[in-house]
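Let me begin by presenting the structure, written as structure tokens, before commenting on it.
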Amino acid sequence: MEIPAFALIIAAAAGAAMALQGSLNAALGRIIGMLETTFVVHIVGIFVIATALYLFRLGTGSLTLLKEAPWYTYLGGVLGVLIIFGVTVSISRTGVATATTAIITGQLITALIVDQCGLFGLDKIPFTLGKGLGLALLAAGGYLMLSR
């Protein structure tokens, strides 16, 4: 399977943005509270995406197709709240590197399960010994990141 380099660059940029966002959210959370920060982040996000969709016409899809999406695909919004809150709390209590290490480990374990099972209509991608070794190395690196 060939992986497009541009997609990996986008993924790395999203990871960098996540670390910055979590740091900013933790700083805001110390001032206004963690749940309040989660609320504010989503309100600001609504304004940003509404501007992109309606003012700059950047969307390529159609919101009229919402009714065709399976019910469980809307759970991404619920998960978004849990993610923002969880990242905000964990970074404020453990630091950016430690929290990010735990976040990435959790993401990878979940991603391997989703790939293996082909959940949500995605293609099945089998778990391999190499992926298991990569997970073990990531976990070892995570352990090393936890030492102060």
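Labels used: A, B, ... for chains in the order of the structure tokens, numbers from 1 for residues in each chain, and numbers from 1 for ligands as shown.
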
Contact table segment 43-111 of chain A vs segment 17-27 of chain A, cut-off 9 Å, shortest pair per residue, only C-alpha atoms, as JSON lines:
{"residue": "A:Ile84", "atom": "CA", "partner": "A:Gly22", "partner_atom": "CA", "distance": 7.6}
{"residue": "A:Phe85", "atom": "CA", "partner": "A:Asn25", "partner_atom": "CA", "distance": 8.8}
{"residue": "A:Val87", "atom": "CA", "partner": "A:Gly22", "partner_atom": "CA", "distance": 5.7}
{"residue": "A:Thr88", "atom": "CA", "partner": "A:Ala26", "partner_atom": "CA", "distance": 4.8}
{"residue": "A:Val89", "atom": "CA", "partner": "A:Ala26", "partner_atom": "CA", "distance": 6.7}
{"residue": "A:Ser90", "atom": "CA", "partner": "A:Ala26", "partner_atom": "CA", "distance": 8.4}
{"residue": "A:Ile91", "atom": "CA", "partner": "A:Ala26", "partner_atom": "CA", "distance": 6.3}
{"residue": "A:Ser92", "atom": "CA", "partner": "A:Ala26", "partner_atom": "CA", "distance": 5.1}
{"residue": "A:Arg93", "atom": "CA", "partner": "A:Ala26", "partner_atom": "CA", "distance": 8.8}
{"residue": "A:Gly95", "atom": "CA", "partner": "A:Ser23", "partner_atom": "CA", "distance": 8.5}
{"residue": "A:Val96", "atom": "CA", "partner": "A:Ser23", "partner_atom": "CA", "distance": 6.7}
{"residue": "A:Ala97", "atom": "CA", "partner": "A:Ala19", "partner_atom": "CA", "distance": 8.4}
{"residue": "A:Thr100", "atom": "CA", "partner": "A:Ala19", "partner_atom": "CA", "distance": 6.9}

Just N, CA and C atoms for this one: save the residues we selected as a PDB file, in the first residue's frame.
ATOM      1  N   ILE A  84     -11.454  17.235  23.474  1.00  0.00           N
ATOM      2  CA  ILE A  84     -11.013  18.569  23.892  1.00  0.00           C
ATOM      3  C   ILE A  84     -10.882  18.625  25.415  1.00  0.00           C
ATOM      4  N   PHE A  85     -11.889  18.105  26.110  1.00  0.00           N
ATOM      5  CA  PHE A  85     -11.847  18.118  27.569  1.00  0.00           C
ATOM      6  C   PHE A  85     -10.685  17.255  28.079  1.00  0.00           C
ATOM      7  N   VAL A  87      -7.887  16.247  26.590  1.00  0.00           N
ATOM      8  CA  VAL A  87      -6.578  16.822  26.271  1.00  0.00           C
ATOM      9  C   VAL A  87      -6.284  18.012  27.185  1.00  0.00           C
ATOM     10  N   THR A  88      -7.294  18.855  27.386  1.00  0.00           N
ATOM     11  CA  THR A  88      -7.119  20.033  28.232  1.00  0.00           C
ATOM     12  C   THR A  88      -6.746  19.635  29.656  1.00  0.00           C
ATOM     13  N   VAL A  89      -7.465  18.678  30.206  1.00  0.00           N
ATOM     14  CA  VAL A  89      -7.194  18.233  31.576  1.00  0.00           C
ATOM     15  C   VAL A  89      -5.833  17.545  31.670  1.00  0.00           C
ATOM     16  N   SER A  90      -5.555  16.633  30.737  1.00  0.00           N
ATOM     17  CA  SER A  90      -4.308  15.862  30.842  1.00  0.00           C
ATOM     18  C   SER A  90      -3.077  16.734  30.659  1.00  0.00           C
ATOM     19  N   ILE A  91      -3.109  17.666  29.723  1.00  0.00           N
ATOM     20  CA  ILE A  91      -1.950  18.542  29.519  1.00  0.00           C
ATOM     21  C   ILE A  91      -1.741  19.438  30.725  1.00  0.00           C
ATOM     22  N   SER A  92      -2.821  19.946  31.303  1.00  0.00           N
ATOM     23  CA  SER A  92      -2.661  20.845  32.454  1.00  0.00           C
ATOM     24  C   SER A  92      -2.109  20.109  33.670  1.00  0.00           C
ATOM     25  N   ARG A  93      -2.301  18.777  33.739  1.00  0.00           N
ATOM     26  CA  ARG A  93      -1.852  18.026  34.914  1.00  0.00           C
ATOM     27  C   ARG A  93      -0.543  17.271  34.710  1.00  0.00           C
ATOM     28  N   GLY A  95       1.689  17.867  31.667  1.00  0.00           N
ATOM     29  CA  GLY A  95       2.592  18.510  30.717  1.00  0.00           C
ATOM     30  C   GLY A  95       2.282  18.044  29.301  1.00  0.00           C
ATOM     31  N   VAL A  96       2.740  18.801  28.334  1.00  0.00           N
ATOM     32  CA  VAL A  96       2.413  18.546  26.931  1.00  0.00           C
ATOM     33  C   VAL A  96       3.011  17.233  26.435  1.00  0.00           C
ATOM     34  N   ALA A  97       4.303  16.999  26.671  1.00  0.00           N
ATOM     35  CA  ALA A  97       4.958  15.798  26.127  1.00  0.00           C
ATOM     36  C   ALA A  97       4.378  14.520  26.726  1.00  0.00           C
ATOM     37  N   THR A 100       0.738  14.070  25.487  1.00  0.00           N
ATOM     38  CA  THR A 100       0.729  13.733  24.063  1.00  0.00           C
ATOM     39  C   THR A 100       1.179  12.298  23.837  1.00  0.00           C
TER      40      THR A 100
END

Selected residue, from A:Leu82, A:Leu55, A:Leu65, A:Tyr74, that lies nearest to Phe39 of chain A when counting only C-alpha atoms: A:Leu82

Interatomic distance, atom CA of Asp115 of chain A to atom CA of Lys131 of chain A (Å, one decimal): 11.4 Å

Per-residue DSSP, chain A, filtered to helix (DSSP H, G or I), as a ChimeraX atom specification: /A:5-32,34-55,63-68,71-94,96-117,119-121,129-146

Shell of 12 Å around Gly134 of chain A, only C-alpha atoms, local chain residues under 6 positions omitted, as a PyMOL selection string: chain A and resi 105+108-109+112+127-128+140-141

Go ahead and write the residues just picked, N, CA and C atoms, as a CSV table (one decimal), in the first residue's frame.
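Done, and the output landed in selection-v6.csv:
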chain,number,residue,atom,x,y,z
A,105,THR,N,-0.4,7.0,22.1
A,105,THR,CA,-0.5,5.6,22.4
A,105,THR,C,-2.0,5.1,22.3
A,108,LEU,N,-3.1,5.1,18.7
A,108,LEU,CA,-2.6,4.0,17.9
A,108,LEU,C,-3.3,2.7,18.2
A,109,ILE,N,-3.5,2.4,19.5
A,109,ILE,CA,-4.1,1.1,19.9
A,109,ILE,C,-5.5,1.1,19.3
A,112,LEU,N,-5.4,0.6,15.4
A,112,LEU,CA,-5.1,-0.8,15.0
A,112,LEU,C,-6.3,-1.6,15.1
A,127,PHE,N,-3.6,-6.6,11.3
A,127,PHE,CA,-2.6,-6.4,12.3
A,127,PHE,C,-1.4,-7.3,11.9
A,128,THR,N,-0.2,-6.8,11.9
A,128,THR,CA,1.0,-7.6,11.6
A,128,THR,C,2.0,-7.6,12.7
A,140,ALA,N,7.3,1.7,24.8
A,140,ALA,CA,8.6,1.8,25.5
A,140,ALA,C,9.0,3.3,25.5
A,141,GLY,N,8.9,3.9,24.4
A,141,GLY,CA,9.2,5.3,24.3
A,141,GLY,C,8.3,6.2,25.2

Pick from A:Ile3, A:Leu8, A:Val40, A:Leu144, whichever lies nearest to Thr98 of chain A using only C-alpha atoms: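 Residue with the minimum atom-to-atom distance to Thr98 of chain A: A:Leu144.
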